[in-house]
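Visitor: Quick one: the structure is below, questions incoming.
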Amino acid sequence: MIKSRNVNVIADADGNKIVLINDIRFKGKRKIDWEDVKSYLQGYVGDYYEIEESAEIIYIGNELPEEFTESESRKALMGANAKAKANAATAIPELIQIAANPAFEENRKESHAKNAQNGWYRYDVRFALPVYENETLVRYNIFNARLLVNHAANGKKYLYDILAIKKETSKPQQ
C-alpha cells in the first residue's frame, strides 16, 4: 500500500518535463535503509502506468523491489545519488508517465532469457529533490536517470530498475 505522496509533474523553461518530489521520505546521504525502500516499492507490485508520450503501458512486476535495491549499479551509488535513487521510488508512476526517448537493446544475458525475452528498453527521465537549509527550501537539485524496462515473453513491458542517476550541473546563462 503506497502512502500519500507529494509529487508533481512540471515543465522547465524549455518545456521538458520534470517530476518534482516534494517530500523526502528516505533521508540521509550516508546510510539509506534499502530494506525500507524495498518494502515501499512492494506497494507498487501489480500496478501499471502509461507513458504519456507513447501510450505504452509499463507494469510493475515483483522483480522491481529486489533489483532496484540490490543491483550492482545501486550498490555503486554514493551520497546524493544514492539518496536520489531511494527517493525516486516515491515517484514511480510519474517517472513512467514522463518517460521519453526510448532506446531498444537486445537481451545479452542468459540469466534474463525468461524475463526479457523480447529485449530491453531504456527511457530518459528527470526528477527534482528539494534542498533545505535550516528548514527553509533554498533550491531543487535536478537529476537525470534512465528507466530500464524489460519486454517479457508475455508481450508486456515491466519496469526493472532506474539507472544512471546523475545530478545536473547548473549552466550559466548566456
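Chain labels A, B, ... are given in the sequence in which chains occur in the C-alpha cells; within each chain residues are numbered consecutively from 1, and ligands are likewise numbered from 1 in the order shown.
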Hey, what does DSSP flag as strand (DSSP E) within range 5-120 of chain A? Can you give it to me as a ChimeraX atom specification?

Guide: /A:7-11,17-21,48-50,57-59,100-105,120

Visitor: Got a sec: who's within 10 Å of Asp47 in chain A, counting only C-alpha atoms, leaving out chain neighbours fewer than 5 positions off, as an MDAnalysis selection string?

Guide: chainID A and resid 58:61 93

Visitor: Using only C-alpha atoms, I'd like a table of the residues in range 94-165 of chain A that come within 9 Å of range 65-68 of chain A; for each, show the closest atom pair and its distance in Å rounded to one decimal, ordered by chain and ascending number, as JSON lines.

Guide:
```
{"residue": "A:Tyr160", "atom": "CA", "partner": "A:Glu67", "partner_atom": "CA", "distance": 6.7}
{"residue": "A:Asp161", "atom": "CA", "partner": "A:Phe68", "partner_atom": "CA", "distance": 5.0}
{"residue": "A:Ile162", "atom": "CA", "partner": "A:Phe68", "partner_atom": "CA", "distance": 6.8}
{"residue": "A:Leu163", "atom": "CA", "partner": "A:Phe68", "partner_atom": "CA", "distance": 8.9}
```

Visitor: List every residue of range 54-168 of chain A that DSSP, applied to the backbone of this structure, places in alpha helix (DSSP H), and write the result as a list in words.

Guide: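 Output for range 54-168 of chain A, alpha helix (DSSP H) only: Leu64, Pro65, Glu66, Glu67, Phe68, Thr69, Glu70, Glu72, Ser73, Arg74, Lys75, Gly79, Ala80, Asn81, Ala82, Lys83, Ala84, Lys85, Ala86, Asn87, Ala88, Ile92, Pro93, Glu94, Leu95, Ile96, Gln97 and Ile98 of chain A.
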
Visitor: When distances are computed from only C-alpha atoms, which of A:Glu53, A:Glu135, A:Glu106, A:Glu35 shows the smallest separation from Tyr123 in chain A?

Guide: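 Under the stated criterion, the closest residue is A:Glu53.
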
Visitor: Which residue is closest to Trp34 in chain A? Choose from A:Asp124, A:Glu168, A:Glu70, A:Glu50 and count only C-alpha atoms.

Guide: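 Among the listed residues, the smallest separation from Trp34 in chain A belongs to A:Glu70.
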
Visitor: What is the distance between CA of Gly28 in chain A and CA of Asn141 in chain A, in Å to one decimal?

Guide: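 Spanning CA of Gly28 in chain A to CA of Asn141 in chain A is a straight-line distance of 15.1 Å.
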
Visitor: Excluding range 55-57 of chain A and any residue of its chain fewer than 5 positions from it, enumerate the residues within 12 Å of it, using only C-alpha atoms, and give them as a list in words.

Guide: Asp47, Tyr48, Tyr49, Glu50, Pro93, Ile96, Gln97, Ile98, Ala99, Ala100, Pro102, Tyr121, Tyr123, Val149, His151, Gly155, Lys156, Lys157, Tyr158 and Leu159 of chain A
